[in-house]
file target.tsv (TSV, C-alpha atoms and all ligand atoms)
chain	number	residue	atom	x	y	z
A	10	MET	CA	0.00	0.00	0.00
A	11	LYS	CA	1.23	3.50	-0.82
A	12	LEU	CA	1.33	5.98	1.97
A	13	PRO	CA	-0.84	9.01	1.30
A	14	PHE	CA	1.71	11.53	2.56
A	15	SER	CA	5.40	11.75	2.12
A	16	ASN	CA	6.97	11.97	5.57
A	17	LYS	CA	8.38	15.37	4.70
A	18	SER	CA	5.00	17.08	4.49
A	19	ILE	CA	3.67	19.45	7.14
A	20	PRO	CA	0.28	18.04	8.13
A	21	GLY	CA	-2.46	20.61	8.53
A	22	LEU	CA	-0.77	23.53	6.78
A	23	ILE	CA	-2.96	26.12	5.12
A	24	GLY	CA	-1.76	28.75	2.63
A	25	ILE	CA	-3.04	32.25	3.41
A	26	ASP	CA	-2.62	35.15	0.98
A	27	ILE	CA	-3.31	38.52	2.57
A	28	SER	CA	-3.91	40.82	-0.38
A	29	SER	CA	-5.56	44.16	-0.82
A	30	SER	CA	-8.98	42.92	-1.93
A	31	ALA	CA	-9.30	39.84	0.26
A	32	VAL	CA	-7.79	37.19	2.46
A	33	LYS	CA	-7.57	34.03	0.37
A	34	MET	CA	-6.83	30.63	1.85
A	35	ILE	CA	-6.34	27.14	0.49
A	36	GLU	CA	-5.61	23.81	2.09
A	37	LEU	CA	-4.36	21.00	-0.14
A	38	ASP	CA	-4.20	17.29	0.56
A	39	GLN	CA	-2.73	14.43	-1.43
A	40	ASP	CA	-4.65	11.32	-2.41
A	41	GLU	CA	-3.31	7.76	-2.52
A	42	SER	CA	-1.77	8.30	-5.95
A	43	HIS	CA	-0.02	11.50	-4.73
A	44	ARG	CA	-2.39	13.71	-6.69
A	45	TYR	CA	-3.15	17.02	-5.02
A	46	LYS	CA	-6.65	17.53	-3.76
A	47	ILE	CA	-8.18	20.89	-2.88
A	48	ALA	CA	-9.54	20.17	0.59
A	49	HIS	CA	-10.71	23.68	1.51
A	50	TYR	CA	-10.62	27.18	0.23
A	51	ALA	CA	-12.09	30.54	1.17
A	52	ILE	CA	-11.98	34.11	-0.06
A	53	GLU	CA	-12.93	36.69	2.57
A	54	SER	CA	-13.27	40.21	1.18
A	55	LEU	CA	-11.49	43.03	2.92
A	56	PRO	CA	-12.75	46.58	3.08
A	57	ARG	CA	-10.79	49.21	1.18
A	58	ASP	CA	-7.72	50.47	3.04
A	59	ALA	CA	-7.35	47.45	5.35
A	60	VAL	CA	-4.31	46.37	3.32
A	61	VAL	CA	-2.63	48.92	1.05
A	62	ASP	CA	0.25	47.97	-1.27
A	63	GLY	CA	1.04	44.99	0.90
A	64	ASN	CA	1.08	47.03	4.11
A	65	ILE	CA	-1.32	45.92	6.82
A	66	ILE	CA	-3.13	49.08	7.87
A	67	GLN	CA	-6.03	47.67	9.90
A	68	LEU	CA	-4.74	44.66	11.76
A	69	ASP	CA	-7.97	43.80	13.61
A	70	ILE	CA	-10.04	43.77	10.43
A	71	VAL	CA	-7.60	41.44	8.72
A	72	ILE	CA	-7.50	39.14	11.76
A	73	ASP	CA	-11.30	38.98	11.68
A	74	ALA	CA	-11.27	38.07	8.00
A	75	VAL	CA	-8.78	35.23	8.59
A	76	ARG	CA	-10.86	33.98	11.51
A	77	ARG	CA	-14.04	34.09	9.42
A	78	GLY	CA	-12.35	32.18	6.61
A	79	LEU	CA	-11.04	29.48	8.94
A	80	ARG	CA	-14.47	29.14	10.55
A	81	ARG	CA	-16.17	28.94	7.18
A	82	ILE	CA	-14.00	26.13	5.89
A	83	GLY	CA	-14.24	24.33	9.23
A	84	SER	CA	-10.69	23.07	8.93
A	85	ARG	CA	-8.87	21.92	12.04
A	86	THR	CA	-5.71	23.35	10.59
A	87	LYS	CA	-3.42	25.00	13.09
A	88	LEU	CA	-0.47	25.97	10.89
A	89	ALA	CA	-0.20	28.63	8.23
A	90	ALA	CA	2.11	29.53	5.34
A	91	LEU	CA	2.03	33.27	4.66
A	92	ALA	CA	3.75	35.45	2.08
A	93	MET	CA	5.50	38.78	2.18
A	94	PRO	CA	4.86	41.11	-0.76
A	95	SER	CA	7.76	40.80	-3.21
A	96	ALA	CA	8.49	44.51	-2.94
A	97	ALA	CA	9.05	44.23	0.83
A	98	VAL	CA	11.78	41.64	0.46
A	99	ILE	CA	15.27	42.17	-0.87
A	100	THR	CA	16.68	39.00	-2.40
A	101	LYS	CA	20.17	38.51	-3.67
A	102	LYS	CA	22.20	35.57	-4.89
A	103	ILE	CA	25.70	35.39	-3.46
A	104	LEU	CA	28.61	32.96	-3.71
A	105	ALA	CA	30.41	31.51	-0.68
A	106	PRO	CA	33.26	29.00	-0.34
A	107	ALA	CA	31.79	25.49	-0.31
A	108	GLU	CA	33.89	24.36	2.65
A	109	LEU	CA	32.34	26.83	5.13
A	110	GLY	CA	30.59	25.31	8.14
A	111	GLU	CA	27.10	26.42	9.10
A	112	ASP	CA	28.25	29.11	11.59
A	113	ASP	CA	30.83	30.59	9.23
A	114	LEU	CA	28.27	30.57	6.46
A	115	GLU	CA	25.90	32.58	8.63
A	116	ILE	CA	28.61	35.16	9.32
A	117	GLN	CA	29.46	35.32	5.61
A	118	VAL	CA	25.79	35.89	4.74
A	119	GLU	CA	25.50	38.69	7.32
A	120	THR	CA	28.63	40.38	6.01
A	121	GLU	CA	27.41	40.21	2.43
A	122	ALA	CA	23.94	41.33	3.44
A	123	THR	CA	25.19	44.58	4.96
A	124	GLN	CA	26.44	45.54	1.48
A	125	TYR	CA	23.09	45.12	-0.22
A	126	ILE	CA	20.55	45.97	2.43
A	127	PRO	CA	19.96	49.60	3.26
A	128	PHE	CA	18.84	48.97	6.88
A	129	PRO	CA	20.72	48.13	10.08
A	130	LEU	CA	20.91	44.36	10.65
A	131	ASP	CA	18.93	44.57	13.91
A	132	GLU	CA	15.93	45.99	12.02
A	133	ILE	CA	15.71	43.16	9.51
A	134	ASN	CA	14.98	39.47	9.36
A	135	LEU	CA	17.65	37.74	7.37
A	136	ASP	CA	17.20	34.31	5.88
A	137	PHE	CA	19.22	32.26	3.41
A	138	GLN	CA	18.97	29.10	1.41
A	139	ILE	CA	21.73	27.11	-0.25
A	140	ILE	CA	20.81	26.68	-3.91
A	141	GLY	CA	23.71	24.38	-4.80
A	142	PRO	CA	27.23	24.40	-6.21
A	143	SER	CA	27.99	27.38	-8.39
A	144	ALA	CA	27.83	26.63	-12.12
A	145	GLY	CA	31.13	28.42	-12.75
A	146	ASN	CA	33.15	27.09	-9.82
A	147	PRO	CA	32.45	23.83	-7.95
A	148	ASP	CA	34.37	25.12	-4.91
A	149	GLU	CA	31.71	27.75	-4.36
A	150	LEU	CA	28.10	27.51	-3.27
A	151	GLU	CA	25.32	29.64	-4.68
A	152	ILE	CA	23.25	31.07	-1.86
A	153	LEU	CA	19.99	32.98	-1.99
A	154	ILE	CA	19.63	35.56	0.76
A	155	ALA	CA	16.35	37.25	1.61
A	156	ALA	CA	15.89	40.19	3.94
A	157	SER	CA	12.84	42.07	5.09
A	158	ARG	CA	12.02	44.74	7.68
A	159	LYS	CA	11.12	43.04	10.97
A	160	GLU	CA	7.95	45.06	11.48
A	161	LYS	CA	6.45	43.84	8.19
A	162	ILE	CA	6.98	40.23	9.15
A	163	GLU	CA	5.70	40.88	12.65
A	164	ASP	CA	2.40	42.23	11.26
A	165	ARG	CA	1.78	39.00	9.41
A	166	VAL	CA	2.77	36.88	12.38
A	167	ALA	CA	0.36	38.92	14.53
A	168	ILE	CA	-2.47	38.28	12.08
A	169	ALA	CA	-1.99	34.51	12.12
A	170	GLU	CA	-1.60	34.38	15.89
A	171	GLY	CA	-4.57	36.71	16.38
A	172	ALA	CA	-6.65	34.29	14.33
A	173	GLY	CA	-5.46	31.34	16.42
A	174	ILE	CA	-2.99	29.67	14.04
A	175	ARG	CA	0.76	29.34	14.03
A	176	PRO	CA	2.67	30.89	11.12
A	177	THR	CA	5.26	28.24	10.30
A	178	ILE	CA	6.31	29.39	6.85
A	179	MET	CA	6.96	32.94	5.68
A	180	ASP	CA	7.38	32.88	1.92
A	181	VAL	CA	7.65	35.65	-0.67
A	182	GLU	CA	4.75	36.27	-3.09
A	183	GLN	CA	6.88	35.88	-6.18
A	184	TYR	CA	8.08	32.43	-5.09
A	185	ALA	CA	4.52	31.37	-4.34
A	186	LEU	CA	3.55	32.53	-7.84
A	187	GLN	CA	6.50	30.60	-9.25
A	188	ALA	CA	5.31	27.42	-7.48
A	189	SER	CA	1.82	27.85	-8.93
A	190	CYS	CA	3.35	28.42	-12.34
A	191	SER	CA	5.03	25.01	-12.10
A	192	GLU	CA	1.62	23.44	-11.51
A	193	ILE	CA	0.24	25.24	-14.56
A	194	ARG	CA	3.11	23.92	-16.68
A	195	LYS	CA	2.53	20.35	-15.52
A	196	ALA	CA	-0.84	20.48	-17.27
A	197	TRP	CA	0.71	21.44	-20.63
A	198	SER	CA	1.30	18.75	-23.18
A	199	LYS	CA	4.85	17.47	-23.63
A	200	GLU	CA	5.10	19.24	-27.00
A	201	VAL	CA	4.95	22.67	-25.33
A	202	THR	CA	8.57	23.70	-24.92
A	203	ALA	CA	8.01	27.21	-23.60
A	204	GLU	CA	11.35	28.15	-22.08
A	205	THR	CA	10.53	31.74	-21.25
A	206	ILE	CA	7.21	32.38	-19.54
A	207	ALA	CA	5.71	35.72	-18.57
A	208	LEU	CA	3.34	35.57	-15.64
A	209	VAL	CA	1.27	38.74	-15.42
A	210	ASP	CA	-0.65	39.12	-12.19
A	211	ILE	CA	-3.14	41.98	-12.27
A	212	GLY	CA	-4.50	42.49	-8.77
A	213	ALA	CA	-6.76	45.14	-7.30
A	214	THR	CA	-4.16	47.90	-7.18
A	215	LEU	CA	-0.90	46.38	-8.38
A	216	SER	CA	0.31	44.63	-11.52
A	217	HIS	CA	3.21	42.28	-11.29
A	218	LEU	CA	5.26	40.79	-14.12
A	219	ILE	CA	7.39	37.79	-13.34
A	220	VAL	CA	9.45	36.22	-16.10
A	221	LEU	CA	10.62	32.65	-15.71
A	222	HIS	CA	13.33	31.23	-17.90
A	223	LYS	CA	13.86	27.48	-17.52
A	224	ASP	CA	11.90	27.66	-14.25
A	225	GLU	CA	14.09	30.38	-12.76
A	226	ILE	CA	12.90	33.90	-12.10
A	227	VAL	CA	14.91	36.18	-14.40
A	228	TYR	CA	12.90	39.38	-14.08
A	229	THR	CA	10.22	40.98	-11.94
A	230	ARG	CA	8.54	44.34	-12.11
A	231	GLU	CA	5.65	45.92	-10.32
A	232	GLN	CA	3.38	48.66	-11.59
A	233	ALA	CA	0.63	50.62	-9.86
A	234	PHE	CA	-2.24	49.42	-12.03
A	235	GLY	CA	-5.13	47.12	-11.17
A	236	GLY	CA	-8.77	46.14	-11.45
A	237	ASP	CA	-9.84	48.80	-8.96
A	238	LEU	CA	-9.28	51.46	-11.61
A	239	LEU	CA	-12.19	49.99	-13.57
A	240	THR	CA	-14.32	50.00	-10.42
A	241	GLN	CA	-13.49	53.69	-9.91
A	242	GLU	CA	-14.45	54.53	-13.47
A	243	ILE	CA	-17.76	52.73	-13.10
A	244	ALA	CA	-18.46	54.50	-9.81
A	245	SER	CA	-17.83	57.98	-11.21
A	246	ARG	CA	-19.58	57.37	-14.53
A	247	TYR	CA	-22.78	55.92	-13.06
A	248	GLU	CA	-22.71	57.77	-9.74
A	249	MET	CA	-22.40	54.68	-7.60
A	250	SER	CA	-20.50	54.02	-4.41
A	251	LEU	CA	-17.31	52.01	-4.91
A	252	GLU	CA	-18.97	49.02	-3.26
A	253	GLU	CA	-21.94	49.20	-5.66
A	254	ALA	CA	-19.62	49.62	-8.61
A	255	GLU	CA	-17.55	46.59	-7.56
A	256	LEU	CA	-20.65	44.38	-7.39
A	257	ALA	CA	-22.04	45.70	-10.67
A	258	LYS	CA	-18.70	45.03	-12.36
A	259	LYS	CA	-18.48	41.45	-11.12
A	260	HIS	CA	-22.08	40.65	-12.02
A	261	ASN	CA	-21.92	42.55	-15.29
A	262	ASP	CA	-25.01	44.41	-14.22
A	263	LEU	CA	-24.45	47.76	-15.94
A	264	PRO	CA	-26.18	50.09	-18.41
A	265	SER	CA	-26.06	49.26	-22.11
A	266	ASP	CA	-23.38	51.87	-22.94
A	267	TYR	CA	-20.95	50.26	-20.46
A	268	ASP	CA	-19.34	47.86	-22.90
A	269	ILE	CA	-18.36	50.41	-25.51
A	270	GLU	CA	-17.80	53.45	-23.32
A	271	ILE	CA	-16.00	51.95	-20.34
A	272	PHE	CA	-15.23	48.26	-20.60
A	273	GLU	CA	-13.56	48.06	-24.00
A	274	PRO	CA	-11.34	51.13	-23.52
A	275	PHE	CA	-10.29	49.80	-20.10
A	276	ARG	CA	-9.46	46.39	-21.53
A	277	GLU	CA	-7.39	48.10	-24.23
A	278	THR	CA	-5.53	50.11	-21.58
A	279	LEU	CA	-4.83	46.88	-19.73
A	280	VAL	CA	-3.45	45.26	-22.88
A	281	GLN	CA	-1.19	48.31	-23.35
A	282	GLU	CA	-0.07	48.03	-19.73
A	283	ILE	CA	0.92	44.40	-20.30
A	284	LEU	CA	2.81	45.36	-23.47
A	285	ARG	CA	4.61	48.06	-21.51
A	286	LEU	CA	5.63	45.60	-18.79
A	287	LEU	CA	7.03	43.26	-21.44
A	288	GLN	CA	8.83	46.17	-23.08
A	289	PHE	CA	10.53	46.97	-19.77
A	290	PHE	CA	11.64	43.35	-19.59
A	291	TYR	CA	13.07	43.33	-23.12
A	292	SER	CA	14.84	46.65	-22.72
A	293	SER	CA	16.53	45.76	-19.43
A	294	THR	CA	17.61	42.18	-20.23
A	295	HIS	CA	19.12	40.33	-23.17
A	296	PHE	CA	15.78	38.63	-23.88
A	297	ASN	CA	13.74	39.74	-26.87
A	298	LYS	CA	10.78	37.38	-26.68
A	299	VAL	CA	8.68	35.29	-24.36
A	300	ASP	CA	7.18	31.94	-25.41
A	301	HIS	CA	4.05	31.95	-23.33
A	302	ILE	CA	2.00	34.46	-21.32
A	303	ILE	CA	-0.03	33.46	-18.27
A	304	LEU	CA	-2.58	35.96	-16.99
A	305	ALA	CA	-3.44	35.86	-13.31
A	306	GLY	CA	-5.24	37.94	-10.69
A	307	GLY	CA	-8.80	39.24	-10.56
A	308	GLY	CA	-7.89	42.17	-12.80
A	309	CYS	CA	-7.54	39.67	-15.67
A	310	LEU	CA	-11.11	38.43	-15.37
A	311	LEU	CA	-12.26	40.52	-18.31
A	312	GLN	CA	-14.02	38.89	-21.20
A	313	ASP	CA	-11.69	37.95	-24.07
A	314	LEU	CA	-8.62	39.50	-22.40
A	315	SER	CA	-6.39	36.51	-23.24
A	316	LYS	CA	-7.46	36.75	-26.87
A	317	LYS	CA	-6.68	40.48	-26.97
A	318	VAL	CA	-3.28	39.99	-25.34
A	319	MET	CA	-2.50	37.19	-27.77
A	320	GLU	CA	-3.45	39.43	-30.75
A	321	ALA	CA	-1.34	42.30	-29.45
A	322	THR	CA	1.75	40.24	-28.61
A	323	GLY	CA	1.60	37.30	-30.98
A	324	VAL	CA	2.35	35.07	-28.00
A	325	ILE	CA	0.18	32.19	-26.77
A	326	THR	CA	-1.73	33.53	-23.79
A	327	GLU	CA	-3.83	31.72	-21.22
A	328	LEU	CA	-5.70	32.50	-18.05
A	329	ALA	CA	-3.95	30.97	-15.05
A	330	ASN	CA	-5.36	27.88	-13.44
A	331	PRO	CA	-2.91	25.91	-11.30
A	332	PHE	CA	-5.60	23.44	-10.26
A	333	THR	CA	-6.42	21.65	-13.51
A	334	LEU	CA	-4.63	18.46	-12.47
A	335	MET	CA	-6.00	18.54	-8.93
A	336	THR	CA	-9.14	16.90	-7.63
A	337	THR	CA	-11.62	18.71	-5.41
A	338	GLY	CA	-12.94	17.76	-2.02
A	339	PRO	CA	-16.69	17.41	-1.38
A	340	LYS	CA	-16.95	20.91	0.08
A	341	ILE	CA	-15.75	22.70	-3.05
A	342	LYS	CA	-18.27	24.09	-5.52
A	343	ALA	CA	-16.56	23.34	-8.81
A	344	SER	CA	-18.03	26.13	-10.95
A	345	GLN	CA	-17.31	28.87	-8.39
A	346	PHE	CA	-13.83	27.50	-7.81
A	347	GLN	CA	-13.15	27.54	-11.53
A	348	GLN	CA	-14.00	31.26	-11.60
A	349	ASP	CA	-11.89	32.06	-8.55
A	350	ALA	CA	-8.85	30.03	-9.65
A	351	PRO	CA	-6.92	32.87	-11.40
A	352	MET	CA	-7.02	34.89	-8.15
A	353	LEU	CA	-5.66	32.05	-6.04
A	354	LEU	CA	-2.11	31.67	-7.34
A	355	VAL	CA	-0.34	33.05	-4.27
A	356	ALA	CA	-2.56	31.04	-1.90
A	357	CYS	CA	-1.99	27.91	-3.99
A	358	GLY	CA	1.78	28.36	-4.02
A	359	LEU	CA	1.70	28.75	-0.24
A	360	ALA	CA	-0.53	25.70	0.22
A	361	LEU	CA	1.97	23.65	-1.83
A	362	ARG	CA	4.55	24.35	0.88
A	363	LYS	CA	2.86	21.60	2.86
A	364	PHE	CA	4.58	19.14	0.52
A	365	HIS	CA	7.75	21.14	-0.18
A	366	PRO	CA	8.61	22.84	3.09
B	401	LIG	N1	-15.39	38.64	-12.04
B	401	LIG	C1	-14.64	39.74	-12.06
B	401	LIG	N2	-14.67	40.59	-13.10
B	401	LIG	C2	-13.91	41.70	-13.13
B	401	LIG	N3	-13.06	42.05	-12.15
B	401	LIG	C3	-12.97	41.22	-11.09
B	401	LIG	C4	-13.74	40.03	-10.97
B	401	LIG	N4	-13.43	39.43	-9.81
B	401	LIG	C5	-12.50	40.22	-9.24
B	401	LIG	N5	-12.23	41.29	-9.98
B	401	LIG	C6	-11.29	42.37	-9.68
B	401	LIG	O1	-10.04	41.83	-9.40
B	401	LIG	C7	-9.36	42.61	-8.41
B	401	LIG	C8	-8.95	41.70	-7.30
B	401	LIG	O2	-8.07	40.75	-7.81
B	401	LIG	P1	-7.06	39.96	-6.88
B	401	LIG	O3	-7.83	39.22	-5.85
B	401	LIG	O4	-6.13	39.20	-7.74
B	401	LIG	O5	-6.31	41.21	-6.24
B	401	LIG	P2	-5.46	41.28	-4.90
B	401	LIG	O6	-4.50	40.15	-4.91
B	401	LIG	O7	-6.36	41.41	-3.75
B	401	LIG	O8	-4.77	42.68	-5.13
B	401	LIG	P3	-3.24	43.10	-5.04
B	401	LIG	O9	-2.47	42.01	-5.69
B	401	LIG	O10	-3.22	44.39	-5.80
B	401	LIG	O11	-2.97	43.26	-3.59
B	401	LIG	C9	-10.35	43.67	-7.95
B	401	LIG	O12	-10.06	44.88	-8.61
B	401	LIG	C10	-11.67	43.10	-8.42
B	401	LIG	O13	-12.61	44.12	-8.70
B	402	MG	MG	-2.59	39.71	-5.54
call {"tool": "encode", "arguments": {"input": "target.tsv", "output": "structure tokens"}}
result
Amino acid sequence: MKLPFSNKSIPGLIGIDISSSAVKMIELDQDESHRYKIAHYAIESLPRDAVVDGNIIQLDIVIDAVRRGLRRIGSRTKLAALAMPSAAVITKKILAPAELGEDDLEIQVETEATQYIPFPLDEINLDFQIIGPSAGNPDELEILIAASRKEKIEDRVAIAEGAGIRPTIMDVEQYALQASCSEIRKAWSKEVTAETIALVDIGATLSHLIVLHKDEIVYTREQAFGGDLLTQEIASRYEMSLEEAELAKKHNDLPSDYDIEIFEPFRETLVQEILRLLQFFYSSTHFNKVDHIILAGGGCLLQDLSKKVMEATGVITELANPFTLMTTGPKIKASQFQQDAPMLLVACGLALRKFHP
């Protein structure tokens, strides 16, 4: 008989993405054949200004949302994987002599870190991971260091603890997105040899481009642009509150001139924004093409957006769904989950940490 879990997994770990529009959580399991199963998920909306650009402004409101989500899914989970916004974390690859012991390595990392990180060491959390021997010199190790301001990490820890769970993993959003991207790729047929993949995440207020080349992140860029701009336009055009406009947008419950006057121009602006992000990538690296574009985030849930992006770029474009190879537990409503999937990439990447701590 096969064991359902590898002994390396963290039982009862839930991935929680604290973003500006909502708290999103996912818990994954594995079935007997090691296929992932979505056991639970929840999206709890947050009011405007509770989380702004990855900064937690109203701690109590966010704690309440996490608590509500956990109660709703009825999971007995007691451990959480959380993510820091990519912009709040400085990462850097360094090289160190391979023969260093653990203590010396720590000292080496601290010394190197002081060169790259513009804050005193006692104000930051410093972490590092050995990637492996350096490609150029086998006597050296390639090491990824990550540093973040302590207070930003402490806010997230306080949210988890306030909601009654223990934060065991603190990841970075871009790595969670990368993990979800690997799941998306697994679903592609063997003939797809896309080496360079652009993942465009359009959230409520921020757009994020991550380019992966042979599974490694080679470029990231963030832009202040998101789905909330469309909500604002709807609100001012039709004299609605932002809350009314948000609902009307999601339910497509708007006057007949909406499509031509507001929706189509906004979608075109979004396509231009994506082209601009790609242009930044091409002009600051040696790359001059991408092989595949994946659109993620709620801001991409606009009719025919993939088609428009594909027409404008000439690159195969798809809407992100990292769950296509996963099964769903009895509590998941398949059609709703299908709709929510593109917004759940960070939460999914965090939930996967259960199996790859
Ligand atoms: N069905 C829909 N149609 C159009 N827009 C939608 C739909 N569902 C969600 N959105 C929009 O998507 C945005 C939220 O997306 P998402 O959950 O990815 O953002 P976020 O991760 O909270 O934001 P950020 O990454 O900026 O912190 C909001 O602007 C919301 O209005
Ligand atoms: Mg987001």
call {"tool": "residues_near_ligand", "arguments": {"input": "target.tsv", "ligand": "ligand LIG 401 (chain B)", "cutoff": "9 Å", "atoms": "all atoms listed in the file", "output": "count of residues only"}}
result
54
call {"tool": "closest_residue", "arguments": {"input": "target.tsv", "among": "A:Val118, A:Val209, A:Ile133, A:Val220", "to": "A:Val280", "atoms": "only C-alpha atoms"}}
result
A:Val209
call {"tool": "closest_atom_pairs", "arguments": {"input": "target.tsv", "of": "stretch 168-258 of chain A", "to": "stretch 155-159 of chain A", "cutoff": "12 Å", "atoms": "only C-alpha atoms", "output": "tab-separated table"}}
result
residue	atom	partner	partner_atom	distance
A:Met179	CA	A:Ser157	CA	10.9
A:Asp180	CA	A:Ala155	CA	10.0
A:Val181	CA	A:Ala155	CA	9.1
A:Tyr184	CA	A:Ala155	CA	11.7
call {"tool": "atom_distance", "arguments": {"input": "target.tsv", "atom1": "atom CA of A:Thr326", "atom2": "atom CA of A:Leu304"}}
result
7.3 Å
call {"tool": "closest_residue", "arguments": {"input": "target.tsv", "among": "A:Pro147, A:Met93, A:Leu221, A:Ala203", "to": "ligand MG 402 (chain B)", "atoms": "only C-alpha atoms and all ligand atoms"}}
result
A:Met93
call {"tool": "build_atoms", "arguments": {"input": "target.tsv", "residues": "stretch 238-259 of chain A", "atoms": "N, CA and C atoms", "output": "PDB file, keeping the file's coordinate frame"}}
result
ATOM      1  N   LEU A 238      -9.136  50.274 -10.760  1.00  0.00           N
ATOM      2  CA  LEU A 238      -9.280  51.460 -11.610  1.00  0.00           C
ATOM      3  C   LEU A 238     -10.583  51.385 -12.415  1.00  0.00           C
ATOM      4  N   LEU A 239     -10.934  50.163 -12.835  1.00  0.00           N
ATOM      5  CA  LEU A 239     -12.190  49.990 -13.570  1.00  0.00           C
ATOM      6  C   LEU A 239     -13.376  50.253 -12.629  1.00  0.00           C
ATOM      7  N   THR A 240     -13.265  49.761 -11.412  1.00  0.00           N
ATOM      8  CA  THR A 240     -14.320  50.000 -10.420  1.00  0.00           C
ATOM      9  C   THR A 240     -14.518  51.509 -10.217  1.00  0.00           C
ATOM     10  N   GLN A 241     -13.402  52.237 -10.113  1.00  0.00           N
ATOM     11  CA  GLN A 241     -13.490  53.690  -9.910  1.00  0.00           C
ATOM     12  C   GLN A 241     -14.161  54.386 -11.082  1.00  0.00           C
ATOM     13  N   GLU A 242     -13.829  53.917 -12.283  1.00  0.00           N
ATOM     14  CA  GLU A 242     -14.450  54.530 -13.470  1.00  0.00           C
ATOM     15  C   GLU A 242     -15.947  54.293 -13.493  1.00  0.00           C
ATOM     16  N   ILE A 243     -16.335  53.055 -13.126  1.00  0.00           N
ATOM     17  CA  ILE A 243     -17.760  52.730 -13.100  1.00  0.00           C
ATOM     18  C   ILE A 243     -18.468  53.601 -12.064  1.00  0.00           C
ATOM     19  N   ALA A 244     -17.839  53.732 -10.892  1.00  0.00           N
ATOM     20  CA  ALA A 244     -18.460  54.500  -9.810  1.00  0.00           C
ATOM     21  C   ALA A 244     -18.672  55.958 -10.233  1.00  0.00           C
ATOM     22  N   SER A 245     -17.654  56.557 -10.896  1.00  0.00           N
ATOM     23  CA  SER A 245     -17.830  57.980 -11.210  1.00  0.00           C
ATOM     24  C   SER A 245     -18.767  58.158 -12.402  1.00  0.00           C
ATOM     25  N   ARG A 246     -18.716  57.253 -13.357  1.00  0.00           N
ATOM     26  CA  ARG A 246     -19.580  57.370 -14.530  1.00  0.00           C
ATOM     27  C   ARG A 246     -21.064  57.215 -14.178  1.00  0.00           C
ATOM     28  N   TYR A 247     -21.366  56.213 -13.346  1.00  0.00           N
ATOM     29  CA  TYR A 247     -22.780  55.920 -13.060  1.00  0.00           C
ATOM     30  C   TYR A 247     -23.216  56.370 -11.664  1.00  0.00           C
ATOM     31  N   GLU A 248     -22.399  57.218 -11.058  1.00  0.00           N
ATOM     32  CA  GLU A 248     -22.710  57.770  -9.740  1.00  0.00           C
ATOM     33  C   GLU A 248     -23.089  56.700  -8.728  1.00  0.00           C
ATOM     34  N   MET A 249     -22.195  55.761  -8.573  1.00  0.00           N
ATOM     35  CA  MET A 249     -22.400  54.680  -7.600  1.00  0.00           C
ATOM     36  C   MET A 249     -21.341  54.794  -6.523  1.00  0.00           C
ATOM     37  N   SER A 250     -21.571  54.142  -5.390  1.00  0.00           N
ATOM     38  CA  SER A 250     -20.500  54.020  -4.410  1.00  0.00           C
ATOM     39  C   SER A 250     -19.506  52.994  -4.959  1.00  0.00           C
ATOM     40  N   LEU A 251     -18.298  52.979  -4.415  1.00  0.00           N
ATOM     41  CA  LEU A 251     -17.310  52.010  -4.910  1.00  0.00           C
ATOM     42  C   LEU A 251     -17.772  50.577  -4.669  1.00  0.00           C
ATOM     43  N   GLU A 252     -18.475  50.368  -3.571  1.00  0.00           N
ATOM     44  CA  GLU A 252     -18.970  49.020  -3.260  1.00  0.00           C
ATOM     45  C   GLU A 252     -20.017  48.584  -4.294  1.00  0.00           C
ATOM     46  N   GLU A 253     -20.920  49.511  -4.635  1.00  0.00           N
ATOM     47  CA  GLU A 253     -21.940  49.200  -5.660  1.00  0.00           C
ATOM     48  C   GLU A 253     -21.265  48.922  -6.999  1.00  0.00           C
ATOM     49  N   ALA A 254     -20.294  49.766  -7.325  1.00  0.00           N
ATOM     50  CA  ALA A 254     -19.620  49.620  -8.610  1.00  0.00           C
ATOM     51  C   ALA A 254     -18.891  48.275  -8.699  1.00  0.00           C
ATOM     52  N   GLU A 255     -18.289  47.860  -7.596  1.00  0.00           N
ATOM     53  CA  GLU A 255     -17.550  46.590  -7.560  1.00  0.00           C
ATOM     54  C   GLU A 255     -18.508  45.419  -7.830  1.00  0.00           C
ATOM     55  N   LEU A 256     -19.673  45.457  -7.178  1.00  0.00           N
ATOM     56  CA  LEU A 256     -20.650  44.380  -7.390  1.00  0.00           C
ATOM     57  C   LEU A 256     -21.177  44.388  -8.820  1.00  0.00           C
ATOM     58  N   ALA A 257     -21.500  45.580  -9.308  1.00  0.00           N
ATOM     59  CA  ALA A 257     -22.040  45.700 -10.670  1.00  0.00           C
ATOM     60  C   ALA A 257     -21.023  45.186 -11.682  1.00  0.00           C
ATOM     61  N   LYS A 258     -19.757  45.490 -11.446  1.00  0.00           N
ATOM     62  CA  LYS A 258     -18.700  45.030 -12.360  1.00  0.00           C
ATOM     63  C   LYS A 258     -18.631  43.511 -12.374  1.00  0.00           C
ATOM     64  N   LYS A 259     -18.614  42.907 -11.182  1.00  0.00           N
ATOM     65  CA  LYS A 259     -18.480  41.450 -11.120  1.00  0.00           C
ATOM     66  C   LYS A 259     -19.686  40.737 -11.703  1.00  0.00           C
TER      67      LYS A 259
END
